[in-house]
$ cat start36.pdb   # PDB, C-alpha atoms, pLDDT in the B column
ATOM      1  CA  MET P 715       2.074  29.427 -18.343  1.00 51.00           C
ATOM      2  CA  THR P 716       0.844  29.324 -21.912  1.00 52.00           C
ATOM      3  CA  SER P 717       0.455  25.955 -23.628  1.00 81.00           C
ATOM      4  CA  LYS P 718       3.714  26.652 -25.476  1.00 92.00           C
ATOM      5  CA  PRO P 719       6.134  28.190 -22.971  1.00 95.00           C
ATOM      6  CA  GLU P 720       7.745  31.486 -23.963  1.00 96.00           C
ATOM      7  CA  VAL P 721      11.252  32.342 -22.745  1.00 97.00           C
ATOM      8  CA  LEU P 722      13.095  35.649 -22.990  1.00 96.00           C
ATOM      9  CA  PHE P 723      16.872  35.856 -22.465  1.00 96.00           C
ATOM     10  CA  VAL P 724      18.089  39.346 -21.562  1.00 93.00           C
ATOM     11  CA  CYS P 725      21.594  40.761 -21.538  1.00 90.00           C
ATOM     12  CA  VAL P 726      22.726  44.366 -21.947  1.00 89.00           C
ATOM     13  CA  HIS P 727      24.201  44.044 -25.449  1.00 91.00           C
ATOM     14  CA  ASN P 728      22.254  40.970 -26.614  1.00 94.00           C
ATOM     15  CA  ALA P 729      25.417  39.893 -28.414  1.00 94.00           C
ATOM     16  CA  GLY P 730      26.885  36.981 -26.461  1.00 95.00           C
ATOM     17  CA  ARG P 731      25.275  35.202 -23.501  1.00 96.00           C
ATOM     18  CA  SER P 732      21.647  35.849 -24.423  1.00 96.00           C
ATOM     19  CA  GLN P 733      22.269  34.948 -28.077  1.00 97.00           C
ATOM     20  CA  MET P 734      23.974  31.681 -27.114  1.00 98.00           C
ATOM     21  CA  ALA P 735      21.179  30.809 -24.669  1.00 98.00           C
ATOM     22  CA  ALA P 736      18.467  31.537 -27.225  1.00 98.00           C
ATOM     23  CA  ALA P 737      20.170  29.472 -29.932  1.00 98.00           C
ATOM     24  CA  LEU P 738      20.727  26.533 -27.593  1.00 98.00           C
ATOM     25  CA  LEU P 739      17.142  26.555 -26.302  1.00 98.00           C
ATOM     26  CA  GLN P 740      15.744  26.779 -29.842  1.00 98.00           C
ATOM     27  CA  HIS P 741      17.961  23.874 -30.850  1.00 98.00           C
ATOM     28  CA  TYR P 742      16.955  21.598 -27.983  1.00 98.00           C
ATOM     29  CA  ALA P 743      13.290  22.621 -27.784  1.00 97.00           C
ATOM     30  CA  LEU P 744      12.506  21.535 -31.353  1.00 96.00           C
ATOM     31  CA  GLY P 745       9.681  24.063 -31.640  1.00 95.00           C
ATOM     32  CA  ARG P 746       8.145  23.266 -28.253  1.00 96.00           C
ATOM     33  CA  VAL P 747       9.199  26.620 -26.741  1.00 96.00           C
ATOM     34  CA  THR P 748       9.021  30.154 -28.136  1.00 97.00           C
ATOM     35  CA  VAL P 749      12.397  31.806 -27.608  1.00 97.00           C
ATOM     36  CA  ARG P 750      13.395  35.474 -27.697  1.00 96.00           C
ATOM     37  CA  SER P 751      16.474  37.429 -26.711  1.00 96.00           C
ATOM     38  CA  ALA P 752      16.998  41.157 -26.242  1.00 94.00           C
ATOM     39  CA  GLY P 753      19.105  43.768 -24.507  1.00 92.00           C
ATOM     40  CA  SER P 754      18.794  47.256 -23.065  1.00 88.00           C
ATOM     41  CA  ALA P 755      21.699  48.570 -25.172  1.00 89.00           C
ATOM     42  CA  PRO P 756      22.014  46.169 -28.121  1.00 93.00           C
ATOM     43  CA  ALA P 757      25.346  45.851 -29.902  1.00 94.00           C
ATOM     44  CA  ASP P 758      25.692  46.226 -33.650  1.00 96.00           C
ATOM     45  CA  LYS P 759      26.421  42.534 -34.166  1.00 96.00           C
ATOM     46  CA  VAL P 760      26.726  39.195 -32.410  1.00 97.00           C
ATOM     47  CA  ASN P 761      29.949  38.582 -30.481  1.00 97.00           C
ATOM     48  CA  PRO P 762      32.280  36.732 -32.915  1.00 97.00           C
ATOM     49  CA  ALA P 763      33.736  34.505 -30.167  1.00 97.00           C
ATOM     50  CA  ALA P 764      30.214  33.498 -29.070  1.00 97.00           C
ATOM     51  CA  ALA P 765      29.345  32.708 -32.689  1.00 97.00           C
ATOM     52  CA  GLU P 766      32.531  30.641 -33.053  1.00 97.00           C
ATOM     53  CA  ALA P 767      31.865  28.742 -29.808  1.00 98.00           C
ATOM     54  CA  LEU P 768      28.347  27.846 -30.974  1.00 98.00           C
ATOM     55  CA  ALA P 769      29.593  26.921 -34.450  1.00 98.00           C
ATOM     56  CA  GLU P 770      31.667  24.222 -32.736  1.00 98.00           C
ATOM     57  CA  LEU P 771      28.326  22.689 -31.711  1.00 97.00           C
ATOM     58  CA  GLY P 772      26.892  23.058 -35.208  1.00 97.00           C
ATOM     59  CA  LEU P 773      24.800  26.148 -34.444  1.00 98.00           C
ATOM     60  CA  ASP P 774      25.045  29.302 -36.546  1.00 97.00           C
ATOM     61  CA  ILE P 775      24.123  32.650 -34.965  1.00 97.00           C
ATOM     62  CA  THR P 776      26.075  34.857 -37.374  1.00 96.00           C
ATOM     63  CA  ALA P 777      22.870  36.101 -39.042  1.00 96.00           C
ATOM     64  CA  GLU P 778      21.257  37.072 -35.712  1.00 96.00           C
ATOM     65  CA  VAL P 779      20.888  40.781 -34.985  1.00 96.00           C
ATOM     66  CA  PRO P 780      20.938  42.048 -31.385  1.00 96.00           C
ATOM     67  CA  SER P 781      17.561  43.570 -30.541  1.00 95.00           C
ATOM     68  CA  LYS P 782      16.250  46.163 -28.098  1.00 95.00           C
ATOM     69  CA  LEU P 783      14.404  44.938 -25.013  1.00 92.00           C
ATOM     70  CA  THR P 784      10.768  46.031 -25.004  1.00 92.00           C
ATOM     71  CA  THR P 785       8.040  45.876 -22.414  1.00 91.00           C
ATOM     72  CA  GLU P 786       6.075  43.778 -24.913  1.00 93.00           C
ATOM     73  CA  ASP P 787       8.874  41.160 -24.991  1.00 92.00           C
ATOM     74  CA  VAL P 788       8.670  40.780 -21.221  1.00 91.00           C
ATOM     75  CA  GLU P 789       4.876  40.813 -21.150  1.00 92.00           C
ATOM     76  CA  ALA P 790       4.674  38.035 -23.771  1.00 92.00           C
ATOM     77  CA  SER P 791       7.115  35.760 -21.915  1.00 94.00           C
ATOM     78  CA  ASP P 792       6.433  33.174 -19.246  1.00 95.00           C
ATOM     79  CA  VAL P 793      10.064  33.055 -18.121  1.00 95.00           C
ATOM     80  CA  VAL P 794      12.476  36.013 -18.228  1.00 94.00           C
ATOM     81  CA  ILE P 795      16.146  35.211 -17.687  1.00 94.00           C
ATOM     82  CA  THR P 796      18.751  37.896 -17.179  1.00 91.00           C
ATOM     83  CA  MET P 797      22.298  36.775 -17.757  1.00 89.00           C
ATOM     84  CA  GLY P 798      24.135  38.207 -14.743  1.00 75.00           C
ATOM     85  CA  CYS P 799      24.543  41.519 -16.517  1.00 69.00           C
ATOM     86  CA  GLY P 800      22.537  43.859 -14.321  1.00 64.00           C
ATOM     87  CA  ASP P 801      19.749  44.504 -16.826  1.00 61.00           C
ATOM     88  CA  ILE P 802      16.492  45.493 -15.208  1.00 65.00           C
ATOM     89  CA  CYS P 803      13.307  44.176 -16.761  1.00 66.00           C
ATOM     90  CA  PRO P 804       9.768  45.420 -16.322  1.00 69.00           C
ATOM     91  CA  VAL P 805       8.019  43.220 -13.778  1.00 74.00           C
ATOM     92  CA  PHE P 806       4.645  41.698 -14.543  1.00 77.00           C
ATOM     93  CA  PRO P 807       2.658  39.437 -12.210  1.00 79.00           C
ATOM     94  CA  GLY P 808       2.644  35.767 -13.114  1.00 82.00           C
ATOM     95  CA  LYS P 809       6.050  35.786 -14.824  1.00 89.00           C
ATOM     96  CA  ARG P 810       9.001  33.760 -13.617  1.00 91.00           C
ATOM     97  CA  TYR P 811      12.205  35.789 -13.331  1.00 90.00           C
ATOM     98  CA  LEU P 812      15.641  34.176 -13.102  1.00 92.00           C
ATOM     99  CA  ASP P 813      19.127  35.648 -13.070  1.00 91.00           C
ATOM    100  CA  TRP P 814      21.906  33.410 -14.344  1.00 94.00           C
ATOM    101  CA  GLU P 815      25.241  34.674 -13.024  1.00 92.00           C
ATOM    102  CA  LEU P 816      27.519  34.202 -16.031  1.00 92.00           C
ATOM    103  CA  GLU P 817      30.874  35.639 -16.977  1.00 91.00           C
ATOM    104  CA  ASP P 818      30.742  38.233 -19.755  1.00 90.00           C
ATOM    105  CA  PRO P 819      32.258  36.948 -23.023  1.00 92.00           C
ATOM    106  CA  ALA P 820      32.738  40.488 -24.394  1.00 90.00           C
ATOM    107  CA  GLY P 821      36.291  41.051 -25.560  1.00 93.00           C
ATOM    108  CA  GLN P 822      37.333  37.457 -24.898  1.00 95.00           C
ATOM    109  CA  GLY P 823      38.568  34.824 -27.301  1.00 96.00           C
ATOM    110  CA  VAL P 824      36.822  31.561 -28.046  1.00 97.00           C
ATOM    111  CA  ASP P 825      38.955  29.669 -25.500  1.00 97.00           C
ATOM    112  CA  ALA P 826      37.484  31.836 -22.728  1.00 97.00           C
ATOM    113  CA  VAL P 827      33.968  31.676 -24.189  1.00 97.00           C
ATOM    114  CA  ARG P 828      33.737  27.863 -24.368  1.00 98.00           C
ATOM    115  CA  PRO P 829      33.256  27.411 -20.590  1.00 98.00           C
ATOM    116  CA  ILE P 830      30.581  30.141 -20.623  1.00 97.00           C
ATOM    117  CA  ARG P 831      28.860  28.367 -23.534  1.00 98.00           C
ATOM    118  CA  ASP P 832      29.021  25.056 -21.674  1.00 98.00           C
ATOM    119  CA  ASP P 833      27.563  26.617 -18.502  1.00 97.00           C
ATOM    120  CA  ILE P 834      24.721  28.145 -20.542  1.00 98.00           C
ATOM    121  CA  ASP P 835      24.191  24.797 -22.277  1.00 98.00           C
ATOM    122  CA  ARG P 836      23.731  22.995 -18.923  1.00 98.00           C
ATOM    123  CA  ARG P 837      21.352  25.663 -17.655  1.00 98.00           C
ATOM    124  CA  VAL P 838      19.305  25.651 -20.880  1.00 98.00           C
ATOM    125  CA  ARG P 839      18.923  21.854 -20.779  1.00 98.00           C
ATOM    126  CA  ASN P 840      17.733  22.013 -17.164  1.00 97.00           C
ATOM    127  CA  LEU P 841      15.319  24.846 -17.973  1.00 97.00           C
ATOM    128  CA  LEU P 842      13.890  22.943 -20.927  1.00 97.00           C
ATOM    129  CA  ALA P 843      13.328  19.850 -18.792  1.00 95.00           C
ATOM    130  CA  GLU P 844      11.472  21.975 -16.226  1.00 94.00           C
ATOM    131  CA  LEU P 845       9.382  23.724 -18.868  1.00 94.00           C
ATOM    132  CA  LEU P 846       8.363  20.534 -20.612  1.00 90.00           C
ATOM    133  CA  ASP P 847       7.619  18.826 -17.296  1.00 87.00           C
ATOM    134  CA  SER P 848       5.361  21.671 -16.143  1.00 80.00           C
ATOM    135  CA  ALA P 849       3.650  21.914 -19.549  1.00 66.00           C
ATOM    136  CA  SER P 850       2.572  18.269 -19.457  1.00 63.00           C
TER     137      SER P 850
END
$ encode --input "start36.pdb" --output "structure tokens"
Amino acid sequence: MTSKPEVLFVCVHNAGRSQMAAALLQHYALGRVTVRSAGSAPADKVNPAAAEALAELGLDITAEVPSKLTTEDVEASDVVITMGCGDICPVFPGKRYLDWELEDPAGQGVDAVRPIRDDIDRRVRNLLAELLDSAS
């Protein structure tokens, strides 16, 4: 792993789960981790319910733009996390690949998205603890 761990969150549309995970990890990591998110078929904009759920925690993702997954994104990352959405990533030796089985927030209201946000939040905190422990 590089001296500053690099994490890539991947979900098909890069509009909900991966955006929430990236924002939460950036928030908690305080610059100690490089964070990216991408998708194989990016949406036009961030999921409004995901943005609202994160706004309740004081995080604003409304200016984020879903981006296309590239081989370079995967190659640059130490940890690649798919979000239970069936996206296939290029595989490179020496990378850590995880799949977080998460419900899809697409088309759901904020009441349904909050538990998904909270699940992602727990997973992100655990991941950060692991990353910082292995970097020291």
$ residues_around --input "start36.pdb" --residues "P:Asp792" --least-positions-apart "2" --cutoff "7 Å" --atoms "only C-alpha atoms" --output "list in words"
Met715, Pro719, Glu720, Val721, Ala790, Val794, Lys809 and Arg810 of chain P
$ residues_around --input "start36.pdb" --residues "P:Ala763" --least-positions-apart "4" --cutoff "12 Å" --atoms "all atoms listed in the file" --output "compact mmCIF listing (two decimals) with C-alpha atoms, keeping the file's coordinate frame"
# COMPACT_ATOMS: atom_id res chain seq x y z
CA ALA P 729 25.42 39.89 -28.41
CA GLY P 730 26.88 36.98 -26.46
CA ARG P 731 25.28 35.20 -23.50
CA GLN P 733 22.27 34.95 -28.08
CA MET P 734 23.97 31.68 -27.11
CA LYS P 759 26.42 42.53 -34.17
CA ALA P 767 31.86 28.74 -29.81
CA LEU P 768 28.35 27.85 -30.97
CA ALA P 769 29.59 26.92 -34.45
CA GLU P 770 31.67 24.22 -32.74
CA ASP P 774 25.04 29.30 -36.55
CA ILE P 775 24.12 32.65 -34.97
CA THR P 776 26.08 34.86 -37.37
CA ASP P 818 30.74 38.23 -19.76
CA PRO P 819 32.26 36.95 -23.02
CA ALA P 820 32.74 40.49 -24.39
CA GLY P 821 36.29 41.05 -25.56
CA GLN P 822 37.33 37.46 -24.90
CA GLY P 823 38.57 34.82 -27.30
CA VAL P 824 36.82 31.56 -28.05
CA ASP P 825 38.96 29.67 -25.50
CA ALA P 826 37.48 31.84 -22.73
CA VAL P 827 33.97 31.68 -24.19
CA ARG P 828 33.74 27.86 -24.37
CA PRO P 829 33.26 27.41 -20.59
CA ILE P 830 30.58 30.14 -20.62
CA ARG P 831 28.86 28.37 -23.53
$ closest_residue --input "start36.pdb" --among "P:Cys725, P:Trp814, P:Gly753, P:Arg746" --to "P:Asp835" --atoms "all atoms listed in the file"
P:Trp814
$ closest_residue --input "start36.pdb" --among "P:Val793, P:Ala752, P:Val726, P:Ala765" --to "P:Leu842" --atoms "all atoms listed in the file"
P:Val793
$ closest_residue --input "start36.pdb" --among "P:Leu738, P:Leu812, P:Val724, P:Val747" --to "P:Leu845" --atoms "only C-alpha atoms"
P:Val747
